[in-house]
Protein chains: 2
Amino acid sequence: MAISRYLEYALCRRDALSEPERAVLRDIPVHPASYLDGEVIIRQGAAPEQSCLLVKGMATREHRFEDRARITSALHIPGDFVDLHAFLLTEIDHDVVAQGDCNVEFVDRAVLEQISRKNPHLIRLLWLNTLIDAKLHRVWIATRARLSAPEQVGHLMCELHARLSVVGLVEDNTFAFPIDQRKLAGILGYSTVHMNRVVQKLRARYLLEWTRGRIRLPDPDGLAALSGFDPEYLELTPTHR
Amino acid sequence: MAISRYLEYALCRRDALSEPERAVLRDIPVHPASYLDGEVIIRQGAAPEQSCLLVKGMATREHRFEDRARITSALHIPGDFVDLHAFLLTEIDHDVVAQGDCNVEFVDRAVLEQISRKNPHLIRLLWLNTLIDAKLHRVWIATRARLSAPEQVGHLMCELHARLSVVGLVEDNTFAFPIDQRKLAGILGYSTVHMNRVVQKLRARYLLEWTRGRIRLPDPDGLAALSGFDPEYLELTPTHR
DNA sequence: TGCTGAGATTAACATTTGTGAATCAGGCGG
DNA sequence: CCGCCTGATTCACAAATGTTAATCTCAGCA
């Protein structure tokens, strides 16, 4: 049981908070934990008593349909609250799986509950987080339906570049990406072979460099143009709500 | 300005509400309006002062990316709150377009705001609605990524069958579907020609009948099996939150 | 130094899906 | 009843993507 340095940071990214409000967040106790690559952090069907804040590494939300492959519906990075929606839905409808080694911090639901009761503005903050999740979902739906494979890969890389920049995990347009070609193929719904074809095409156009778990975007604007990426939907600029 | 019969119904579908709470909902004043097929109900980029409850017809959420086709990320039926997420996000990131002739009822944000302040349980109700939206989004992402075209069509039809049943718009496994093959192709990201191939394949397997705006599922279970549909994700059973 | 295993790459072929254009079917107004 | 229009259907061909299996590369290790 410790006080999180990340919680305040994670929650106030998208909203302008008062200093007392920030103080409340800073004082929330958390339970740290860590997971190895591929471990299940939260299991589908569970009704967790805690909410999970991702601090290091990446994590996917993976749906299990019987007799079908696992399907990824979201990709989380440090600073993301992974399962806030379960706050009301109670039961979680997908696994949360560690991609690369992960550190997380669990926050007791009861604590969030109590705080949001005392501080009505903060419940909006939680709501807002889930709304932005949903916004990302909608863009994913749109890209899945309409973009070609190279465009989808480009779009995802642009999205990650933007999101990771905000939490300081991008340097020289380069970021760590603990997901290999096979897994990325799975996330976007392509075969491994096709994913490799796509990666090579992007490389040939000098839009993507990808070696041993690190990705560099030599020409972010070019890649954004190719894939129709517009960072607006990420809501990365904090405003008053 | 009138009192809605639908609002209470729309909101208390997924949560058990007390009679006083229901009374509050029943007394909310609404502004009715109607739209013709294809008309834009809410425009992308707008910051509406009202939230829109769909009462009759269907409506799509369509994203506009410059120089690309419109992309659909959600399909709404009577009883759905179409733009609750804009309650906090302020600016709406997609058009809401009438599919078939629609009746809607607008509710002033200020009223919702005021009610949720007085009645903390009801703000959860609004939040819950947006969370279920997000849940549907995730399933759409998963189906887009992993299902074949016939499976996707089947899955969508099963989903509509289930959602429309709850609001009493299905009879003899038949429901009105104000969207033609071309539009459905657009929604799922296929070409018109391919959509037609798929429809015929499903017809040949006696899993789908579709004539002049009406859809019948002769074998709902068979279609669900084909498409891996499991209604659980729709949260159609009201429980206490 | 050579072995080994995971991930990346290539090849050949099958299947799915897209494209453009023509044709068909049926409802509806004149 | 006719003409017309919209949506559905068909056709031929091209492009995207899947499948299976073999091969390659290279960092880590004995």
# chains A, B, ... in the order shown; residues from 1 in each chain; ligands from 1

call {"tool": "select_by_dssp", "arguments": {"residues": "segment 62-192 of chain B", "states": "strand (DSSP E)", "output": "compact mmCIF listing (two decimals) with N, CA and C atoms, in the first residue's frame"}}
result
# COMPACT_ATOMS: atom_id res chain seq x y z
N GLU B 62 -21.40 8.84 -38.11
CA GLU B 62 -20.50 8.78 -39.26
C GLU B 62 -19.36 9.78 -39.11
N HIS B 63 -18.16 9.26 -39.17
CA HIS B 63 -16.98 10.12 -39.09
C HIS B 63 -16.63 10.60 -40.49
N ARG B 64 -16.25 11.86 -40.57
CA ARG B 64 -15.77 12.37 -41.85
C ARG B 64 -14.27 12.58 -41.77
N ARG B 70 -17.22 8.60 -45.90
CA ARG B 70 -17.73 8.65 -44.54
C ARG B 70 -17.64 7.26 -43.95
N ILE B 71 -17.41 7.22 -42.65
CA ILE B 71 -17.20 5.94 -41.99
C ILE B 71 -18.14 5.83 -40.80
N THR B 72 -18.83 4.72 -40.70
CA THR B 72 -19.82 4.54 -39.65
C THR B 72 -19.22 3.81 -38.46
N SER B 73 -19.40 4.35 -37.26
CA SER B 73 -18.85 3.68 -36.09
C SER B 73 -19.93 3.17 -35.15
N ALA B 74 -21.18 3.52 -35.38
CA ALA B 74 -22.23 3.00 -34.52
C ALA B 74 -23.59 3.12 -35.21
N LEU B 75 -24.49 2.26 -34.79
CA LEU B 75 -25.82 2.23 -35.38
C LEU B 75 -26.83 2.27 -34.23
N HIS B 76 -27.69 3.27 -34.23
CA HIS B 76 -28.61 3.45 -33.11
C HIS B 76 -30.04 3.14 -33.47
N ASP B 95 -20.80 12.97 -37.36
CA ASP B 95 -22.19 13.30 -37.67
C ASP B 95 -23.09 12.22 -37.10
N VAL B 96 -24.32 12.61 -36.77
CA VAL B 96 -25.37 11.63 -36.52
C VAL B 96 -26.36 11.77 -37.68
N VAL B 97 -26.55 10.69 -38.43
CA VAL B 97 -27.31 10.76 -39.66
C VAL B 97 -28.55 9.87 -39.57
N ALA B 98 -29.69 10.41 -39.96
CA ALA B 98 -30.94 9.65 -39.94
C ALA B 98 -30.90 8.55 -40.99
N GLN B 99 -31.22 7.34 -40.60
CA GLN B 99 -31.39 6.23 -41.53
C GLN B 99 -32.88 5.90 -41.56
N GLY B 100 -33.49 6.18 -42.66
CA GLY B 100 -34.94 6.13 -42.68
C GLY B 100 -35.47 7.36 -41.96
N ASP B 101 -36.76 7.60 -42.02
CA ASP B 101 -37.30 8.77 -41.34
C ASP B 101 -37.25 8.55 -39.83
N CYS B 102 -36.83 9.59 -39.14
CA CYS B 102 -36.57 9.48 -37.70
C CYS B 102 -37.38 10.48 -36.89
N ASN B 103 -37.80 10.06 -35.72
CA ASN B 103 -38.27 11.00 -34.71
C ASN B 103 -37.27 10.98 -33.56
N VAL B 104 -36.97 12.17 -33.07
CA VAL B 104 -36.07 12.26 -31.93
C VAL B 104 -36.67 13.19 -30.89
N GLU B 105 -36.10 13.13 -29.69
CA GLU B 105 -36.47 14.08 -28.66
C GLU B 105 -35.19 14.65 -28.06
N PHE B 106 -35.10 15.98 -28.07
CA PHE B 106 -33.93 16.62 -27.49
C PHE B 106 -34.18 16.96 -26.03
N VAL B 107 -33.16 16.73 -25.22
CA VAL B 107 -33.23 17.08 -23.80
C VAL B 107 -32.16 18.12 -23.54
N ASP B 108 -32.51 19.19 -22.87
CA ASP B 108 -31.51 20.21 -22.58
C ASP B 108 -30.42 19.65 -21.66
N THR B 174 -38.80 -10.77 -37.27
CA THR B 174 -38.75 -9.82 -38.39
C THR B 174 -38.67 -8.39 -37.85
N PHE B 175 -37.84 -7.57 -38.48
CA PHE B 175 -37.80 -6.17 -38.08
C PHE B 175 -37.54 -5.28 -39.29
N ALA B 176 -37.96 -4.02 -39.17
CA ALA B 176 -37.73 -3.04 -40.23
C ALA B 176 -36.26 -2.62 -40.21

call {"tool": "interface_residues", "arguments": {"of": "chain C", "to": "chain A", "cutoff": "9 Å", "atoms": "only C-alpha atoms (C1' of nucleotides)", "output": "PyMOL selection string"}}
result
chain C and resi 7-9

call {"tool": "write_last_selection", "arguments": {"atoms": "N, CA and C atoms (P, O5', C5', C4', C3', O3' and C1' of nucleotides)", "output": "PDB file, in the first residue's frame"}}
result
ATOM      1  P    DG C   7       9.326 -14.595 -30.203  1.00  0.00           P
ATOM      2  O5'  DG C   7       9.629 -13.757 -31.523  1.00  0.00           O
ATOM      3  C5'  DG C   7      10.624 -12.762 -31.493  1.00  0.00           C
ATOM      4  C4'  DG C   7      11.074 -12.494 -32.895  1.00  0.00           C
ATOM      5  C3'  DG C   7       9.959 -12.030 -33.833  1.00  0.00           C
ATOM      6  O3'  DG C   7      10.328 -10.766 -34.348  1.00  0.00           O
ATOM      7  C1'  DG C   7      11.281 -13.715 -34.835  1.00  0.00           C
ATOM      8  P    DA C   8       9.397 -10.020 -35.395  1.00  0.00           P
ATOM      9  O5'  DA C   8      10.169 -10.289 -36.768  1.00  0.00           O
ATOM     10  C5'  DA C   8      11.540  -9.965 -36.845  1.00  0.00           C
ATOM     11  C4'  DA C   8      12.058 -10.332 -38.218  1.00  0.00           C
ATOM     12  C3'  DA C   8      11.246  -9.780 -39.392  1.00  0.00           C
ATOM     13  O3'  DA C   8      12.131  -9.143 -40.290  1.00  0.00           O
ATOM     14  C1'  DA C   8      11.542 -12.125 -39.620  1.00  0.00           C
ATOM     15  P    DT C   9      11.595  -8.434 -41.592  1.00  0.00           P
ATOM     16  O5'  DT C   9      11.624  -9.587 -42.679  1.00  0.00           O
ATOM     17  C5'  DT C   9      12.866 -10.138 -43.031  1.00  0.00           C
ATOM     18  C4'  DT C   9      12.677 -11.272 -44.006  1.00  0.00           C
ATOM     19  C3'  DT C   9      11.852 -10.927 -45.253  1.00  0.00           C
ATOM     20  O3'  DT C   9      12.736 -10.902 -46.369  1.00  0.00           O
ATOM     21  C1'  DT C   9      11.377 -13.083 -44.410  1.00  0.00           C
TER      22       DT C   9
END

call {"tool": "interface_residues", "arguments": {"of": "chain B", "to": "chain A", "cutoff": "6 Å", "atoms": "only C-alpha atoms", "output": "PyMOL selection string"}}
result
chain B and resi 71+73+134+137-138+141-142+145-146+189

call {"tool": "closest_atom_pairs", "arguments": {"of": "chain D", "to": "chain B", "cutoff": "8 Å", "atoms": "only C-alpha atoms (C1' of nucleotides)", "output": "Markdown table"}}
result
| residue | atom | partner | partner_atom | distance |
| --- | --- | --- | --- | --- |
| D:DG7 | C1' | B:Asp180 | CA | 7.7 |
| D:DA8 | C1' | B:Asn196 | CA | 7.8 |
| D:DT9 | C1' | B:Asn196 | CA | 7.7 |

call {"tool": "write_last_selection", "arguments": {"atoms": "C-alpha atoms (C1' of nucleotides)", "output": "tab-separated table (two decimals), in the first residue's frame"}}
result
chain	number	residue	atom	x	y	z
D	7	DG	C1'	-31.86	-0.79	-55.71
D	8	DA	C1'	-30.37	-5.53	-56.64
D	9	DT	C1'	-27.79	-8.64	-59.35

call {"tool": "select_by_dssp", "arguments": {"residues": "chain A", "states": "alpha helix (DSSP H)", "output": "ChimeraX atom specification"}}
result
/A:6-11,19-26,86-89,109-118,120-146,149-166,181-188,192-204,220-227

call {"tool": "atom_distance", "arguments": {"atom1": "atom CA of Gln152 of chain A", "atom2": "atom CA of Gly45 of chain B"}}
result
23.9 Å

call {"tool": "residues_around", "arguments": {"residues": "DC11 of chain D", "least_positions_apart": "6", "cutoff": "10 Å", "atoms": "only C-alpha atoms (C1' of nucleotides)", "output": "PyMOL selection string"}}
result
chain C and resi 21-23

call {"tool": "residues_around", "arguments": {"residues": "DG3 of chain D", "least_positions_apart": "3", "cutoff": "12 Å", "atoms": "only C-alpha atoms (C1' of nucleotides)", "output": "JSON, numbers by chain"}}
result
{"C": [28, 29, 30]}

call {"tool": "closest_residue", "arguments": {"among": "C:DG18, C:DA11, C:DA6, C:DG27", "to": "DA16 of chain D", "atoms": "only C-alpha atoms (C1' of nucleotides)"}}
result
C:DG18
